[in-house]
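Here is the structure we will look at, set down as structure tokens.
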Amino acid sequence: MKNAHQLRSVFMRELSAYFNSPIAYIFIVVFVTLSCGMFMSNFFLVGQADMRFFFDMLPLALCVFIPALTMRLWAEDRKGNTFELLLTFPMPSWKVVIGKFGAAFVFYFLALAATLPVAAMLFCVGTPDPGTVWGGYSGAVFLGGFYLALGLFISGLFADQIVAFIMAMVVMFFFWAAGWEVVAGTIDGWIPGAGSFLANTLGVTRHFTGFEKGIVDLRDILHFVLSAGIFLVLNAQGIEDRLKRQAKVFFAATAILGCVIILAADVLLADMPLGRLDITKGRLYTVTEAAGNILARLDAPVTLKLYITPQDKMPTAMKSIEQDIKDRLEELKVVSRGKLVLKTIRMDAEVFDKEAKENGSQASQLARHGIAPISVRSIDKDEVGVKLVYASIAVGYKDRDEEFIPRILPNTVQNLEYEVASKIYRMMLDKKPSVALVAPYKEKNVDASILEMFKRMGQPAPLNMRDDAFRALESGLQYENYKVSRIHLTEKEPIPDGTDALVIVAPEKLLPRQRWEISKFLYEGGHVIVAAQSYTFDYNQNPRGTAITPKRVSSDMNDVIAPYGVKVDDAILMDSRHELINVQSNLDAGPVAFTAPVKVPIQIVVDQESMNQKVAITSGIPPIFYLWGSALTIDHAKVGDAKLKETVLINSSPKSWKVLTSGSMLTAQQVTEQGKLFQQFPLAVMLEGKFPDVFAGKTAPDWDEGAASAKANEAGVVKPVEKKISAAVMPDPKKAKPGALLVVGCSKMFEEELIRDNGSMMFFTNAVDVLTLGGALVNIRNHQPIIRRVRPLSGADKALWRFVTVGLVPCAFVLWGLLRFMWRRQEKERYLKMLSAQKSVGENV
């Protein structure tokens with residue numbers, strides 16, 4: 001009881017000292033205004049509902065604010081000659097240290113809590129991941145505790161507050177800079193390994209990053225707690241022994257020993273898995289149940305060969321990648337109950353690069369599978385260079401051919417769960433799933449004999465020999481280990497036997513026989529994905545601005561899908577949730593080409609709020625750039641009559657509208673939101689069930705039917721086409737099986753220049769996976785952090801939130817400070833009056 005009373009006395013004395021002077025109010029007002037103000041300066045421009053930028057800059061900001069908070073704790077007592085008086089109190093010095101630290105910590109906690117309006121705003125204007133928000137604040141508490149203990153220790157060394165402030169700021173900046181990759185890389189350039197060692201041990205950035213992601217790692221907590229504890233012990237020890245003989249020598253030795261303990265503890269804990277808590281939404285950094293189910297089905301061991309460059313030859317940014325990879329694979333090994341066997345093969349890129357030129361060498365064999373050195377940036381003695389390193393994995397299972405993960409980088413380690421699980425899952429299949437891709441492309445001007453050679457070999461021309469806007473779809477499916485057939489859907493290139501899914505992107509004019517083939521494929525239980533839109537647009541720069549002209553897409557796809565109850569709408573779709581793009585200017589600017597930014601509502605962005613989160617295809621995928629896409633029209637009665645299951649995957653935002661046009665330029669009135677009747681439209685839908693035979697009772701068209709008419713019409717000659725008897729096999733009623741049709745009203749989003757920068761590729765691969773393999777792999781692929789967008793806000797709403805986050809708390813603290821100052825002044829006057837009255841009474845007596 002006595003101990004608690006003594007601690008409380010010191011604690012209340014120090015805490016009251018903050019609020020009895022302007023320092024508390026100035027500190028909180030400046031801290032909140034600067035930290036929240038910097039965050040809000042570009043928050044609405046970025047439009048992401050997360051606090052990553054806030055927590056990224058916090059460790060550096062605290063290097064200034066924490067010294068301002070701790071500089072007076074001992075220095076003021078020394079300067080005011082109350083230092084010796086304080087230590088004459090009947091309590092040990094450690095209680096005084098703990099009381100001062102506790103008061104400073106509570107005050108810092110209040111200052112940190114003053115930034116909570118930022119978190120509240122995020123939950124009001126978007127759907128942030130609560131785990132990353134509260135994880136970041138948890139890390140800020142532990143980091144602040146360490147900085148406070150360090151600042152308190154330094155304050156005890158100096159009698160002048162300004163000196164204590166500057167020295168504390170310098171030391172804290174050292175701890176921050178030690179974990180900065182640029183500094184670590186520069187040091188490594190001169191003393192190999194030294195910069196990385198400091199970053200992994202003393203650098204606070206490395207220990208704080210996990211909290212930002214929503215991972216509470218016990219090793220990081222122990223680092224901050226142990227470091228803070230040692231500086232508090234050093235502070236108490238220095239005060240206790242200040243009058244002893246050779247106190248300075250003993251104190252210096254103790255301080256060095258404390259630093260050695262911190263370093264040794266970090267080295268020992270680095271490779272020791274002590275446990276961690278994943279508090280992210282969906283537990284993004286924990287092995288998924290789907291991956292666990294796949295690995296649990298293994299009936300034989302899987303060998304994982306890690307081809308990696310030794311750590312001492314890695315650049316600074318990749319020195320920890322081997323340990324990160326092994327930690328991730330160790331989690332999968334535990335789930336697989338030991339069925340994963342990891343073998344590490346050290347690869348010296350320089351040696352293997354020479355061997356790769358020799359046929360039959362290990363390096364040359366690996367190079368055939370895409371395992372080759374990765375070029376990464378490095379710093380060597382203040383010179384920026386390039387290093388070749390290996391970071392690849394080969395997956396072996398039974399007698400199957402090995403599958404390879406050709407390159408692993410620090411920012412892709414998180415995807416290892418999917419990469420490994422998907423390779424294993426596909427190796428367990430009896431056969432590769434097969435996809436037929438119908439998408440327009442043109443052969444480049446290549447020697448005809450070369451193209452003929454590929455045809456004789458039964459192989460398509462290589463991708464680099466084509467003008468192909470959709471090559472990313474083909475290469476993406478091949479990387480996912482699909483058997484891909486690129487066809488034109490003609491008599492010579494029909495749908496291959498055994499095809500599991502047919503993908504039709506940007507369809508052009510379809511012949512009757514092509515429509516018949518697609519309908520027959522659906523009727524017999526096939527899975528079809530259709531991506532088609534009604535318009536493309538031409539952007540034309542002129543002195544008055546940008547003229548945008550719609551161009552109607554010539555396609556007969558609606559004739560195929562309309563009988564099932566879905567159509568691509570003929571109107572132009574516009575959405576208030578849209579994005580800016582840069583358009584090449586055609587104005588005469590001499591030899592200099594420049595681009596002009598254009599932001600109009602045909603450049604649509606679809607975020608998570610508009611996606612069906614209950615379906616694996618769209619659950620948890622990043623926003624999609626739905627450029628120039630169209631809305632879909634769904635005939636629910638027709639869908640019901642066909643007994644098909646309807647699932648809307650993507651909608652437009654609630655503030656969308658349609659525009660009818662005759663092909664002329666878009667007007668300002670058409671692209672503005674004012675006066676529009678807003679509505680939400682479906683953009684992607686999936687129909688499932690037994691599809692009806694659209695051509696029932698009709699003769700199958702011949703491949704030439706329609707083609708000759710088209711050629712004649714193009715030549716301006718109209719003549720009847722001779723009807724040929726088709727040898728096609730009509731659909732067998734006994735072969736009717738459940739199938740699926742997925743229609744999305746945009747093909748532009750799958751073009752190579754757009755597909756990799758947003759969620760389009762994930763949407764596409766998810767759709768193919770679900771239709772051919774089920775949702776197991778999709779659930780793993782979607783298990784990753786996503787960009788969470790802020791909903792559109794008006795100018796007034798933005799101004800209100802800026803005030804709430806930046807100005808509200810400072811104003812409240814200023815008001816509270818003024819009221820408290822007035823109250824204290826009244827109390828002082830009342831006290832003085834009481835003393836004066838007592839003095840008068842004494843004099844009268």
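Chain labels follow the order of the structure tokens: the first chain is A, the next B, and so on; residue numbering restarts at 1 in every chain, and ligands are counted from 1 in their shown order.
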* Asked: What's the 10 Å shell around Met167 in chain A, counting only C-alpha atoms, without same-chain residues fewer than 4 positions away, as a ChimeraX atom specification?
  -> /A:67,71,151,154-155,157-158,161-163,171-173
Just C-alpha atoms for this one: save the residues we selected as a PDB file, in the first residue's frame.
```pdb
ATOM      1  CA  PRO A  67      12.101  14.606 -26.726  1.00  0.00           C
ATOM      2  CA  MET A  71      13.342  16.938 -21.801  1.00  0.00           C
ATOM      3  CA  GLY A 151      14.178  10.258 -23.490  1.00  0.00           C
ATOM      4  CA  ILE A 154      18.891  11.116 -21.623  1.00  0.00           C
ATOM      5  CA  SER A 155      17.098  13.831 -19.617  1.00  0.00           C
ATOM      6  CA  LEU A 157      22.224  13.079 -18.048  1.00  0.00           C
ATOM      7  CA  PHE A 158      21.879  16.825 -18.602  1.00  0.00           C
ATOM      8  CA  GLN A 161      16.425  21.111 -21.162  1.00  0.00           C
ATOM      9  CA  ILE A 162      17.507  22.280 -24.619  1.00  0.00           C
ATOM     10  CA  VAL A 163      20.570  20.036 -24.540  1.00  0.00           C
ATOM     11  CA  VAL A 171      19.642   9.376 -30.500  1.00  0.00           C
ATOM     12  CA  MET A 172      16.026   8.608 -31.436  1.00  0.00           C
ATOM     13  CA  PHE A 173      16.736   9.632 -35.007  1.00  0.00           C
TER      14      PHE A 173
END
```
* Can you list, as a ChimeraX atom specification, every protein, DNA or RNA residue that comes within 8 Å of range 794-801 of chain A when you count only C-alpha atoms, leaving out same-chain residues fewer than 4 positions away? -> /A:44,121,805
* Asked: Quick one: DSSP helix (DSSP H, G or I) residues in range 42-234 of chain A, as a PyMOL selection string?
  -> chain A and resi 43-46+52-79+83-87+93-113+116-125+130-155+161-178+181-190+194-201+204-213+218-234
* Asked: Taking into account only C-alpha atoms, which residue in the set A:Gln584, A:Val600, A:Val335, A:Thr33 is nearest to Gln669 in chain A?
  ->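 Among the listed residues, A:Val600 lies closest to Gln669 in chain A.
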* Using only C-alpha atoms, pick whichever of A:Arg346, A:Val334, A:Val648, A:Met318 has the shortest atom-to-atom distance to Val413 in chain A. =>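 Using only C-alpha atoms, the shortest distance to Val413 in chain A belongs to A:Met318.
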* Asked: Out of A:Gln784, A:Asn612, A:Thr633, A:Ser534, which residue has the shortest atom-to-atom distance to Gly663 in chain A when counting only C-alpha atoms?
  ->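 Between A:Gln784, A:Asn612, A:Thr633, A:Ser534, the residue approaching Gly663 in chain A most closely is A:Ser534.
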* **Point-to-point distance in Å for CA of Pro622 in chain A and CA of Met686 in chain A** => 19.6 Å
* To do: Extract, using only C-alpha atoms, all DNA, RNA and protein residues at most 7 Å from Trp657 in chain A, discarding same-chain residues fewer than 4 positions from it, and format them as an MDAnalysis selection string.
  => chainID A and resid 573:575 676:679
* Spatial neighbours of Ala668 in chain A, max dist 12 Å, only C-alpha atoms, sep filter under 5 positions, as a ChimeraX atom specification -> /A:545-548,600-601,659,673-674
* Structure fact -> From the list A:Val685, A:Leu510, A:Met428, A:Leu742, the nearest residue to Glu705 in chain A using only C-alpha atoms is A:Leu510
* Identify, on the basis of only C-alpha atoms, every residue whose closest approach to range 414-420 of chain A does not exceed 6 Å; exclude the query and any residue fewer than 3 positions from it along the same chain; express the result as a ChimeraX atom specification. => /A:423,780-781
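Here the question is which of A:Leu771, A:Asp693, A:Gln541, A:Val744 gets nearest to Met557 in chain A using only C-alpha atoms, and that residue is A:Val744.
Rounded to one decimal, CA of Leu60 in chain A and CA of Glu14 in chain A lie 25.7 Å from each other.
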* To do: Taking the chain letters and numbering used in this document, name the residues of range 128-287 of chain A that DSSP puts in strand (DSSP E or B), as a list in words.
  =>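 Selection result, strand (DSSP E or B) within range 128-287 of chain A: Ile215, Val216, Asp217, Arg276, Leu277 and Asp278 of chain A.
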Would you put the residues from that selection into a file with N, CA, C and O atoms, as an mmCIF file, in the first residue's frame?
```
data_model
loop_
_atom_site.group_PDB
_atom_site.id
_atom_site.type_symbol
_atom_site.label_atom_id
_atom_site.label_comp_id
_atom_site.auth_asym_id
_atom_site.auth_seq_id
_atom_site.Cartn_x
_atom_site.Cartn_y
_atom_site.Cartn_z
ATOM 1 N N ILE A 215 -0.178 -7.294 -37.664
ATOM 2 C CA ILE A 215 0.432 -8.490 -37.073
ATOM 3 C C ILE A 215 1.094 -8.090 -35.748
ATOM 4 O O ILE A 215 1.996 -7.255 -35.730
ATOM 5 N N VAL A 216 0.615 -8.673 -34.679
ATOM 6 C CA VAL A 216 1.200 -8.413 -33.365
ATOM 7 C C VAL A 216 2.142 -9.570 -33.060
ATOM 8 O O VAL A 216 1.721 -10.653 -32.645
ATOM 9 N N ASP A 217 3.434 -9.344 -33.294
ATOM 10 C CA ASP A 217 4.451 -10.375 -33.114
ATOM 11 C C ASP A 217 5.078 -10.219 -31.732
ATOM 12 O O ASP A 217 5.509 -9.128 -31.348
ATOM 13 N N ARG A 276 2.558 -15.185 -32.859
ATOM 14 C CA ARG A 276 2.085 -13.876 -33.295
ATOM 15 C C ARG A 276 0.573 -13.905 -33.380
ATOM 16 O O ARG A 276 -0.049 -14.977 -33.450
ATOM 17 N N LEU A 277 -0.021 -12.734 -33.370
ATOM 18 C CA LEU A 277 -1.466 -12.612 -33.441
ATOM 19 C C LEU A 277 -1.822 -11.841 -34.704
ATOM 20 O O LEU A 277 -1.398 -10.697 -34.884
ATOM 21 N N ASP A 278 -2.566 -12.493 -35.581
ATOM 22 C CA ASP A 278 -3.005 -11.873 -36.826
ATOM 23 C C ASP A 278 -4.378 -11.259 -36.592
ATOM 24 O O ASP A 278 -5.374 -11.971 -36.471
#
```
Each residue of range 745-804 of chain A lying at most 12 Å from range 516-528 of chain A should get a row with its shortest atom-to-atom pair and the distance in Å to one decimal, counting only C-alpha atoms; could you produce that, ordered by chain and increasing number, as a tab-separated table?
```
residue	atom	partner	partner_atom	distance
A:Ala767	CA	A:Val528	CA	10.0
A:Val768	CA	A:His527	CA	8.9
A:Asp769	CA	A:His527	CA	11.0
A:Val770	CA	A:His527	CA	10.0
A:Leu771	CA	A:His527	CA	6.3
A:Thr772	CA	A:His527	CA	7.7
A:Leu773	CA	A:His527	CA	11.3
```
